[in-house]
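**Student:** Pasting my_file_12.pdb here (PDB, C-alpha atoms):
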ATOM      1  CA  MET A   1     -48.413 158.545  89.528
ATOM      2  CA  PHE A   2     -50.499 155.648  90.819
ATOM      3  CA  ILE A   3     -49.100 153.460  93.600
ATOM      4  CA  ASP A   4     -50.831 150.117  94.149
ATOM      5  CA  SER A   5     -52.275 149.619  97.606
ATOM      6  CA  ASN A   6     -49.704 146.975  98.538
ATOM      7  CA  ASP A   7     -46.811 149.274  97.541
ATOM      8  CA  LYS A   8     -45.194 146.437  95.626
ATOM      9  CA  LYS A   9     -46.006 148.024  92.266
ATOM     10  CA  ILE A  10     -45.820 151.568  90.959
ATOM     11  CA  THR A  11     -47.612 152.631  87.794
ATOM     12  CA  ILE A  12     -46.677 155.767  85.859
ATOM     13  CA  LYS A  13     -48.332 156.489  82.522
ATOM     14  CA  ASP A  14     -48.637 153.093  80.790
ATOM     15  CA  PHE A  15     -45.752 151.483  82.638
ATOM     16  CA  THR A  16     -45.767 149.465  85.846
ATOM     17  CA  PHE A  17     -42.673 148.803  87.924
ATOM     18  CA  GLY A  18     -42.551 145.731  90.118
ATOM     19  CA  ASP A  19     -44.942 143.545  88.139
ATOM     20  CA  GLY A  20     -42.218 141.214  86.862
ATOM     21  CA  THR A  21     -41.583 143.160  83.637
ATOM     22  CA  PRO A  22     -38.250 145.012  83.639
ATOM     23  CA  ARG A  23     -38.731 148.557  82.404
ATOM     24  CA  ILE A  24     -36.124 149.979  80.057
ATOM     25  CA  CYS A  25     -34.468 153.340  80.708
ATOM     26  CA  VAL A  26     -32.377 155.269  78.168
ATOM     27  CA  PRO A  27     -30.086 158.132  79.257
ATOM     28  CA  LEU A  28     -29.953 161.465  77.435
ATOM     29  CA  MET A  29     -26.809 163.573  77.784
ATOM     30  CA  GLY A  30     -25.457 166.851  76.481
ATOM     31  CA  THR A  31     -23.375 169.787  77.700
ATOM     32  CA  SER A  32     -25.431 172.525  76.016
ATOM     33  CA  GLY A  33     -29.073 173.111  75.242
ATOM     34  CA  GLU A  34     -28.378 172.786  71.529
ATOM     35  CA  GLU A  35     -26.622 169.446  72.001
ATOM     36  CA  ILE A  36     -29.369 168.146  74.282
ATOM     37  CA  PHE A  37     -32.088 169.032  71.766
ATOM     38  CA  THR A  38     -30.126 167.420  68.915
ATOM     39  CA  VAL A  39     -29.558 164.228  70.905
ATOM     40  CA  ALA A  40     -33.192 164.209  72.037
ATOM     41  CA  LYS A  41     -34.530 164.399  68.484
ATOM     42  CA  THR A  42     -32.249 161.570  67.377
ATOM     43  CA  LEU A  43     -33.294 159.547  70.404
ATOM     44  CA  ARG A  44     -36.971 160.111  69.602
ATOM     45  CA  GLU A  45     -36.437 158.780  66.083
ATOM     46  CA  SER A  46     -34.503 155.767  67.372
ATOM     47  CA  ILE A  47     -37.224 154.934  69.890
ATOM     48  CA  HIS A  48     -39.855 155.085  67.164
ATOM     49  CA  GLU A  49     -37.791 152.664  65.069
ATOM     50  CA  LEU A  50     -37.391 150.330  68.051
ATOM     51  CA  ASP A  51     -41.136 150.480  68.735
ATOM     52  CA  GLU A  52     -41.783 149.355  65.174
ATOM     53  CA  LYS A  53     -39.098 146.693  65.249
ATOM     54  CA  PHE A  54     -40.427 145.144  68.456
ATOM     55  CA  LYS A  55     -44.106 145.982  68.020
ATOM     56  CA  ASP A  56     -45.089 142.387  68.807
ATOM     57  CA  HIS A  57     -43.345 142.689  72.176
ATOM     58  CA  PRO A  58     -44.763 145.756  73.956
ATOM     59  CA  GLU A  59     -43.134 144.620  77.196
ATOM     60  CA  VAL A  60     -39.735 145.819  75.886
ATOM     61  CA  LYS A  61     -40.979 149.243  74.825
ATOM     62  CA  THR A  62     -38.676 151.981  76.118
ATOM     63  CA  ALA A  63     -40.349 153.304  79.254
ATOM     64  CA  VAL A  64     -38.038 155.934  80.744
ATOM     65  CA  ILE A  65     -35.993 158.784  79.302
ATOM     66  CA  GLU A  66     -33.374 159.855  81.830
ATOM     67  CA  TRP A  67     -32.024 163.365  81.447
ATOM     68  CA  ARG A  68     -28.537 163.228  82.968
ATOM     69  CA  ALA A  69     -28.515 166.889  83.918
ATOM     70  CA  ASP A  70     -25.080 166.722  85.548
ATOM     71  CA  TYR A  71     -23.626 166.856  82.022
ATOM     72  CA  TYR A  72     -25.370 170.176  81.338
ATOM     73  CA  ALA A  73     -23.002 173.149  81.754
ATOM     74  CA  ASN A  74     -25.744 175.617  82.778
ATOM     75  CA  ILE A  75     -27.478 173.416  85.336
ATOM     76  CA  LEU A  76     -27.640 176.291  87.863
ATOM     77  CA  GLN A  77     -29.616 178.522  85.472
ATOM     78  CA  SER A  78     -33.186 177.681  86.405
ATOM     79  CA  ASP A  79     -34.741 179.327  83.327
ATOM     80  CA  SER A  80     -32.519 177.319  80.987
ATOM     81  CA  VAL A  81     -33.273 174.095  82.849
ATOM     82  CA  PHE A  82     -37.004 174.805  82.684
ATOM     83  CA  ASN A  83     -36.798 175.441  78.941
ATOM     84  CA  ILE A  84     -35.033 172.127  78.375
ATOM     85  CA  LEU A  85     -37.559 170.272  80.548
ATOM     86  CA  CYS A  86     -40.455 171.806  78.594
ATOM     87  CA  ASN A  87     -38.964 170.653  75.300
ATOM     88  CA  LEU A  88     -38.175 167.171  76.599
ATOM     89  CA  ARG A  89     -41.669 166.837  78.059
ATOM     90  CA  LYS A  90     -43.219 167.741  74.706
ATOM     91  CA  LEU A  91     -40.908 165.430  72.747
ATOM     92  CA  PHE A  92     -41.368 162.456  75.101
ATOM     93  CA  GLU A  93     -44.929 163.046  76.283
ATOM     94  CA  ASP A  94     -45.724 159.327  75.985
ATOM     95  CA  ARG A  95     -42.716 158.231  78.064
ATOM     96  CA  ILE A  96     -41.634 158.669  81.654
ATOM     97  CA  LEU A  97     -39.213 161.562  82.109
ATOM     98  CA  LEU A  98     -36.607 160.982  84.822
ATOM     99  CA  PHE A  99     -34.401 163.829  86.070
ATOM    100  CA  THR A 100     -30.971 162.764  87.325
ATOM    101  CA  PHE A 101     -28.347 165.073  88.800
ATOM    102  CA  ARG A 102     -25.404 162.767  89.508
ATOM    103  CA  SER A 103     -22.489 163.711  91.774
ATOM    104  CA  GLU A 104     -18.899 162.771  90.960
ATOM    105  CA  GLU A 105     -18.829 160.351  93.891
ATOM    106  CA  GLN A 106     -21.748 158.465  92.360
ATOM    107  CA  GLY A 107     -20.379 158.404  88.825
ATOM    108  CA  GLY A 108     -21.530 161.819  87.634
ATOM    109  CA  MET A 109     -19.959 164.984  86.297
ATOM    110  CA  ILE A 110     -20.558 167.340  89.245
ATOM    111  CA  ARG A 111     -17.978 167.681  92.016
ATOM    112  CA  ASN A 112     -19.375 166.260  95.259
ATOM    113  CA  ASP A 113     -19.357 169.426  97.356
ATOM    114  CA  ARG A 114     -20.965 171.431  94.546
ATOM    115  CA  ALA A 115     -23.561 168.723  93.893
ATOM    116  CA  HIS A 116     -24.582 168.405  97.537
ATOM    117  CA  LEU A 117     -24.648 172.173  98.074
ATOM    118  CA  ARG A 118     -26.821 172.874  95.036
ATOM    119  CA  MET A 119     -29.019 169.782  95.090
ATOM    120  CA  GLY A 120     -31.796 171.390  97.144
ATOM    121  CA  ASP A 121     -32.289 174.378  94.837
ATOM    122  CA  ILE A 122     -32.028 172.319  91.667
ATOM    123  CA  MET A 123     -34.441 169.647  92.867
ATOM    124  CA  ARG A 124     -36.903 172.258  94.092
ATOM    125  CA  ASN A 125     -36.959 173.979  90.689
ATOM    126  CA  VAL A 126     -37.284 170.720  88.762
ATOM    127  CA  ILE A 127     -39.989 169.276  91.006
ATOM    128  CA  SER A 128     -42.074 172.471  90.961
ATOM    129  CA  SER A 129     -41.812 172.682  87.158
ATOM    130  CA  GLY A 130     -44.382 169.916  86.746
ATOM    131  CA  MET A 131     -42.420 168.584  83.782
ATOM    132  CA  VAL A 132     -40.947 165.363  85.196
ATOM    133  CA  ASP A 133     -42.457 162.078  86.316
ATOM    134  CA  MET A 134     -39.519 160.831  88.370
ATOM    135  CA  VAL A 135     -36.412 162.210  90.044
ATOM    136  CA  ASP A 136     -33.250 160.361  91.039
ATOM    137  CA  VAL A 137     -32.212 161.063  94.626
ATOM    138  CA  GLU A 138     -28.755 159.941  95.700
ATOM    139  CA  PHE A 139     -28.699 158.083  98.993
ATOM    140  CA  VAL A 140     -25.281 159.562  99.861
ATOM    141  CA  VAL A 141     -26.409 163.187 100.276
ATOM    142  CA  GLY A 142     -27.537 162.644 103.870
ATOM    143  CA  ASN A 143     -30.837 161.712 105.481
ATOM    144  CA  TYR A 144     -32.061 165.306 105.838
ATOM    145  CA  ASN A 145     -31.458 166.204 102.184
ATOM    146  CA  VAL A 146     -32.868 162.888 101.001
ATOM    147  CA  ALA A 147     -36.024 163.184 103.107
ATOM    148  CA  ARG A 148     -36.581 166.781 102.023
ATOM    149  CA  ALA A 149     -36.233 165.864  98.332
ATOM    150  CA  THR A 150     -38.486 162.809  98.543
ATOM    151  CA  THR A 151     -41.160 164.697 100.481
ATOM    152  CA  ALA A 152     -41.199 167.519  97.930
ATOM    153  CA  ALA A 153     -41.370 165.047  95.050
ATOM    154  CA  HIS A 154     -44.256 163.108  96.574
ATOM    155  CA  ASP A 155     -46.141 166.335  97.330
ATOM    156  CA  HIS A 156     -46.066 167.020  93.572
ATOM    157  CA  GLY A 157     -46.996 163.464  92.551
ATOM    158  CA  ILE A 158     -43.466 162.644  91.398
ATOM    159  CA  ALA A 159     -41.888 159.235  92.003
ATOM    160  CA  VAL A 160     -38.403 158.863  93.489
ATOM    161  CA  VAL A 161     -35.672 156.539  92.267
ATOM    162  CA  MET A 162     -33.412 156.245  95.312
ATOM    163  CA  SER A 163     -29.937 155.327  94.084
ATOM    164  CA  TYR A 164     -26.591 154.192  95.400
ATOM    165  CA  HIS A 165     -23.440 153.208  93.451
ATOM    166  CA  ASP A 166     -20.349 151.428  94.708
ATOM    167  CA  PHE A 167     -17.604 151.605  92.064
ATOM    168  CA  GLU A 168     -15.009 149.756  94.136
ATOM    169  CA  LYS A 169     -16.679 146.501  95.122
ATOM    170  CA  THR A 170     -19.857 144.528  95.692
ATOM    171  CA  PRO A 171     -20.548 144.864  99.448
ATOM    172  CA  HIS A 172     -21.671 141.987 101.645
ATOM    173  CA  ASP A 173     -25.335 141.066 101.304
ATOM    174  CA  SER A 174     -26.151 142.343 104.796
ATOM    175  CA  GLU A 175     -24.734 145.792 103.969
ATOM    176  CA  ILE A 176     -26.741 146.008 100.758
ATOM    177  CA  GLU A 177     -29.907 144.877 102.523
ATOM    178  CA  GLU A 178     -29.458 147.521 105.210
ATOM    179  CA  LYS A 179     -28.960 150.283 102.638
ATOM    180  CA  LEU A 180     -32.085 149.185 100.778
ATOM    181  CA  ARG A 181     -34.038 149.203 104.041
ATOM    182  CA  GLN A 182     -32.890 152.756 104.782
ATOM    183  CA  MET A 183     -33.653 153.872 101.219
ATOM    184  CA  GLU A 184     -37.181 152.543 101.584
ATOM    185  CA  VAL A 185     -37.661 154.268 104.953
ATOM    186  CA  LEU A 186     -36.448 157.573 103.480
ATOM    187  CA  GLY A 187     -39.108 157.510 100.774
ATOM    188  CA  GLY A 188     -37.650 155.757  97.763
ATOM    189  CA  ASP A 189     -40.322 154.423  95.400
ATOM    190  CA  ILE A 190     -37.809 152.440  93.335
ATOM    191  CA  LEU A 191     -34.665 151.245  95.100
ATOM    192  CA  LYS A 192     -31.628 151.158  92.809
ATOM    193  CA  PHE A 193     -28.299 149.717  93.945
ATOM    194  CA  ALA A 194     -25.367 149.319  91.560
ATOM    195  CA  ALA A 195     -22.063 147.714  92.491
ATOM    196  CA  MET A 196     -18.795 146.728  90.812
ATOM    197  CA  PRO A 197     -18.063 142.979  90.773
ATOM    198  CA  LYS A 198     -14.569 141.596  91.244
ATOM    199  CA  ASN A 199     -15.500 138.167  89.919
ATOM    200  CA  ASP A 200     -18.387 136.113  88.587
ATOM    201  CA  PHE A 201     -19.415 135.140  92.104
ATOM    202  CA  ASP A 202     -20.164 138.800  92.903
ATOM    203  CA  VAL A 203     -22.417 139.011  89.849
ATOM    204  CA  ARG A 204     -24.360 135.878  90.773
ATOM    205  CA  ARG A 205     -24.601 136.971  94.397
ATOM    206  CA  LEU A 206     -26.117 140.342  93.504
ATOM    207  CA  MET A 207     -28.584 138.772  91.084
ATOM    208  CA  GLU A 208     -29.693 136.242  93.700
ATOM    209  CA  LEU A 209     -30.018 139.013  96.264
ATOM    210  CA  ASN A 210     -32.337 140.883  93.879
ATOM    211  CA  GLN A 211     -34.627 137.832  93.866
ATOM    212  CA  LYS A 212     -34.655 137.852  97.655
ATOM    213  CA  MET A 213     -35.303 141.601  97.915
ATOM    214  CA  VAL A 214     -38.285 141.386  95.559
ATOM    215  CA  VAL A 215     -39.946 139.305  98.254
ATOM    216  CA  GLU A 216     -38.663 141.088 101.358
ATOM    217  CA  ARG A 217     -38.774 144.751 100.399
ATOM    218  CA  ALA A 218     -42.046 146.629  99.997
ATOM    219  CA  LYS A 219     -40.845 148.650  96.993
ATOM    220  CA  PRO A 220     -39.649 147.684  93.493
ATOM    221  CA  VAL A 221     -35.926 146.926  93.446
ATOM    222  CA  ALA A 222     -33.195 147.078  90.801
ATOM    223  CA  LEU A 223     -29.784 145.667  91.703
ATOM    224  CA  ILE A 224     -27.208 146.159  88.950
ATOM    225  CA  SER A 225     -23.797 144.560  88.621
ATOM    226  CA  MET A 226     -21.647 147.069  86.753
ATOM    227  CA  GLY A 227     -18.990 146.774  84.067
ATOM    228  CA  GLU A 228     -18.632 144.212  81.325
ATOM    229  CA  LEU A 229     -18.443 141.411  83.889
ATOM    230  CA  GLY A 230     -21.862 142.292  85.262
ATOM    231  CA  SER A 231     -23.616 142.915  81.952
ATOM    232  CA  ARG A 232     -25.926 139.904  82.281
ATOM    233  CA  SER A 233     -27.559 141.466  85.333
ATOM    234  CA  ARG A 234     -28.921 144.065  82.907
ATOM    235  CA  TYR A 235     -30.788 141.578  80.725
ATOM    236  CA  MET A 236     -31.612 138.703  83.079
ATOM    237  CA  CYS A 237     -34.101 140.937  84.886
ATOM    238  CA  LYS A 238     -37.023 138.548  84.468
ATOM    239  CA  GLU A 239     -35.039 135.935  86.365
ATOM    240  CA  THR A 240     -33.906 138.310  89.125
ATOM    241  CA  GLY A 241     -37.022 140.465  89.370
ATOM    242  CA  ALA A 242     -35.162 143.737  88.766
ATOM    243  CA  CYS A 243     -37.793 146.338  87.900
ATOM    244  CA  LEU A 244     -35.522 148.669  85.934
ATOM    245  CA  THR A 245     -32.622 148.262  83.525
ATOM    246  CA  PHE A 246     -30.522 150.805  81.656
ATOM    247  CA  THR A 247     -29.471 150.687  78.035
ATOM    248  CA  SER A 248     -27.936 153.040  75.495
ATOM    249  CA  VAL A 249     -29.034 154.569  72.237
ATOM    250  CA  GLY A 250     -25.838 156.235  71.107
ATOM    251  CA  LYS A 251     -23.491 157.185  73.954
ATOM    252  CA  GLU A 252     -23.630 154.952  77.030
ATOM    253  CA  SER A 253     -23.782 156.465  80.528
ATOM    254  CA  ALA A 254     -22.219 153.464  82.286
ATOM    255  CA  SER A 255     -19.838 150.648  81.482
ATOM    256  CA  GLY A 256     -21.553 147.379  80.668
ATOM    257  CA  GLN A 257     -24.701 148.867  79.155
ATOM    258  CA  LEU A 258     -25.965 146.991  76.117
ATOM    259  CA  LYS A 259     -27.230 148.716  73.002
ATOM    260  CA  ALA A 260     -31.019 149.022  73.130
ATOM    261  CA  SER A 261     -31.781 146.590  70.319
ATOM    262  CA  ASP A 262     -29.433 143.966  71.805
ATOM    263  CA  LEU A 263     -30.988 144.338  75.235
ATOM    264  CA  MET A 264     -34.513 144.040  73.864
ATOM    265  CA  ARG A 265     -33.662 140.894  71.923
ATOM    266  CA  ARG A 266     -32.247 139.304  75.062
ATOM    267  CA  LEU A 267     -35.244 140.298  77.167
ATOM    268  CA  ILE A 268     -37.737 138.579  74.857
ATOM    269  CA  LYS A 269     -35.813 135.286  74.575
TER     270      LYS A 269
END
If you took the structure in this file and wrote it as structure tokens, what would it be?
**Tutor:**
Amino acid sequence: MFIDSNDKKITIKDFTFGDGTPRICVPLMGTSGEEIFTVAKTLRESIHELDEKFKDHPEVKTAVIEWRADYYANILQSDSVFNILCNLRKLFEDRILLFTFRSEEQGGMIRNDRAHLRMGDIMRNVISSGMVDMVDVEFVVGNYNVARATTAAHDHGIAVVMSYHDFEKTPHDSEIEEKLRQMEVLGGDILKFAAMPKNDFDVRRLMELNQKMVVERAKPVALISMGELGSRSRYMCKETGACLTFTSVGKESASGQLKASDLMRRLIK
């Protein structure tokens, strides 16, 4: 990982976050090793096809493969996790590999108490494996756990996507700004905040706030308005300055995600 001296941009492999080009992330999910490998191979083929289809627009090349490990039934078996990471690293050696272990509270498959209790061991094993480029750290697990995870990741040259999801509402701007400030202080390299809009005003407000945070925060920011109502926040990233956007190839991991080819077409308009 290479972090520019002004901390406004982060470069990993051939992809830079925070330079005005929104980087595309595709989730990969499966409950068993066999299912994960099958999905991964299909995803690899789809990405190759998308690369060819949009070869004249390298800025929309899929940058990040996110393994949503909370779907994996044997997540506590370190040997099995390591084996999957090795295979994913080999299959996606030219892309950024992001490890995400999402709690139920934050939209994942793992019960909150179990997720928070096991997060330290799981993160430690994943980080020390040397197989990932980025890890997602949930802001809600407490300052001590967050700081410990981010410190370990940075010690191994791994970038941190600090994330927070509000599935009930879009908080006031001041509350979002304060959370982003804390996320930055705690070591987030990319600050991701996703919220559920109740109306079109919420969507516009979050997108305008992203523009403001690009200037005021020292780290790349991605503010996402969730659900179908907020879908335009996922493709109007050039206008808002969001450094990261999520799409789907096959099964979507969140409501409002566009299919990859649709997202790419919108991004190059």
**Student:** Once the PyMOL selection byres ((chain A and resi 81) around 10) has been applied to the shown file, what residues remain in the selection, as a list in words?
**Tutor:**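 Expected selection for the PyMOL selection byres ((chain A and resi 81) around 10) here is Gly33, Ala69, Tyr72, Asn74, Ile75, Leu76, Gln77, Ser78, Asp79, Ser80, Phe82, Asn83, Ile84, Leu85, Cys86, Ile122, Asn125, Val126 and Ser129 of chain A.
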**Student:** Store the residues picked out above, limited to C-alpha atoms, as a CSV table (one decimal), in the coordinates of the input.
**Tutor:**
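Final output, saved to result_21.csv:
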chain,number,residue,atom,x,y,z
A,33,GLY,CA,-29.1,173.1,75.2
A,69,ALA,CA,-28.5,166.9,83.9
A,72,TYR,CA,-25.4,170.2,81.3
A,74,ASN,CA,-25.7,175.6,82.8
A,75,ILE,CA,-27.5,173.4,85.3
A,76,LEU,CA,-27.6,176.3,87.9
A,77,GLN,CA,-29.6,178.5,85.5
A,78,SER,CA,-33.2,177.7,86.4
A,79,ASP,CA,-34.7,179.3,83.3
A,80,SER,CA,-32.5,177.3,81.0
A,82,PHE,CA,-37.0,174.8,82.7
A,83,ASN,CA,-36.8,175.4,78.9
A,84,ILE,CA,-35.0,172.1,78.4
A,85,LEU,CA,-37.6,170.3,80.5
A,86,CYS,CA,-40.5,171.8,78.6
A,122,ILE,CA,-32.0,172.3,91.7
A,125,ASN,CA,-37.0,174.0,90.7
A,126,VAL,CA,-37.3,170.7,88.8
A,129,SER,CA,-41.8,172.7,87.2
**Student:** Taking the file above as input, evaluate the PyMOL selection byres ((chain A and resi 234) around 12) and report the hits as a tab-separated table (two decimals) with C-alpha atoms, in the frame of the given file.
**Tutor:**
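Output file selection_18.tsv is given in full below:
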chain	number	residue	atom	x	y	z
A	22	PRO	CA	-38.25	145.01	83.64
A	23	ARG	CA	-38.73	148.56	82.40
A	24	ILE	CA	-36.12	149.98	80.06
A	25	CYS	CA	-34.47	153.34	80.71
A	194	ALA	CA	-25.37	149.32	91.56
A	203	VAL	CA	-22.42	139.01	89.85
A	206	LEU	CA	-26.12	140.34	93.50
A	207	MET	CA	-28.58	138.77	91.08
A	210	ASN	CA	-32.34	140.88	93.88
A	222	ALA	CA	-33.20	147.08	90.80
A	223	LEU	CA	-29.78	145.67	91.70
A	224	ILE	CA	-27.21	146.16	88.95
A	225	SER	CA	-23.80	144.56	88.62
A	226	MET	CA	-21.65	147.07	86.75
A	227	GLY	CA	-18.99	146.77	84.07
A	228	GLU	CA	-18.63	144.21	81.32
A	229	LEU	CA	-18.44	141.41	83.89
A	230	GLY	CA	-21.86	142.29	85.26
A	231	SER	CA	-23.62	142.92	81.95
A	232	ARG	CA	-25.93	139.90	82.28
A	233	SER	CA	-27.56	141.47	85.33
A	235	TYR	CA	-30.79	141.58	80.72
A	236	MET	CA	-31.61	138.70	83.08
A	237	CYS	CA	-34.10	140.94	84.89
A	238	LYS	CA	-37.02	138.55	84.47
A	239	GLU	CA	-35.04	135.94	86.36
A	240	THR	CA	-33.91	138.31	89.12
A	241	GLY	CA	-37.02	140.46	89.37
A	242	ALA	CA	-35.16	143.74	88.77
A	243	CYS	CA	-37.79	146.34	87.90
A	244	LEU	CA	-35.52	148.67	85.93
A	245	THR	CA	-32.62	148.26	83.52
A	246	PHE	CA	-30.52	150.80	81.66
A	247	THR	CA	-29.47	150.69	78.04
A	248	SER	CA	-27.94	153.04	75.50
A	254	ALA	CA	-22.22	153.46	82.29
A	255	SER	CA	-19.84	150.65	81.48
A	256	GLY	CA	-21.55	147.38	80.67
A	257	GLN	CA	-24.70	148.87	79.16
A	258	LEU	CA	-25.96	146.99	76.12
A	259	LYS	CA	-27.23	148.72	73.00
A	260	ALA	CA	-31.02	149.02	73.13
A	262	ASP	CA	-29.43	143.97	71.81
A	263	LEU	CA	-30.99	144.34	75.24
A	264	MET	CA	-34.51	144.04	73.86
A	266	ARG	CA	-32.25	139.30	75.06
A	267	LEU	CA	-35.24	140.30	77.17
**Student:** Could you check the closest approach to Leu28 of chain A for each of A:Ala218, A:Ala149, A:Val249, A:Met213 and tell me which residue wins, using all atoms listed in the file?
**Tutor:**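 Result for the nearest residue to Leu28 of chain A: A:Val249.
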**Student:** Between A:Ile47, A:Ile158, A:Ala73, A:Val214, single out the one closest to Leu98 of chain A, counting all atoms listed in the file.
**Tutor:**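 Using all atoms listed in the file, the shortest distance to Leu98 of chain A belongs to A:Ile158.
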**Student:** To one decimal place, how far is atom CA of Arg205 of chain A from atom CA of Pro171 of chain A in Å?
**Tutor:** 10.2 Å
**Student:** Restricting the calculation to all atoms listed in the file, which member of A:Tyr164, A:Phe54, A:Leu180, A:Ile12 is positioned closest to Leu97 of chain A?
**Tutor:**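 The closest residue to Leu97 of chain A is A:Ile12.
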**Student:** Set the distance at 8 Å and use only C-alpha atoms: which residues neighbour Asp136 of chain A once local chain neighbours fewer than 5 positions away are removed? I'd like the list as a PyMOL selection string.
**Tutor:** chain A and resi 98-101+160-163
**Student:** Choose the residue, out of A:Ser103, A:Gly188, A:Glu178, A:Val132, that has the smallest atom-to-atom separation from Thr151 of chain A; count only C-alpha atoms.
**Tutor:** A:Gly188
**Student:** Would you kindly return, as a VMD selection string, each protein, DNA or RNA residue with an atom no farther than 9 Å from any atom of Leu88 of chain A, considering only C-alpha atoms and excluding same-chain residues fewer than 6 positions away?
**Tutor:** chain A and resid 37 40 67 97 131
**Student:** Would you save the residues of that selection, restricted to C-alpha atoms, as a PDB file, in the frame of the given file?
**Tutor:**
ATOM      1  CA  PHE A  37     -32.088 169.032  71.766  1.00  0.00           C
ATOM      2  CA  ALA A  40     -33.192 164.209  72.037  1.00  0.00           C
ATOM      3  CA  TRP A  67     -32.024 163.365  81.447  1.00  0.00           C
ATOM      4  CA  LEU A  97     -39.213 161.562  82.109  1.00  0.00           C
ATOM      5  CA  MET A 131     -42.420 168.584  83.782  1.00  0.00           C
TER       6      MET A 131
END
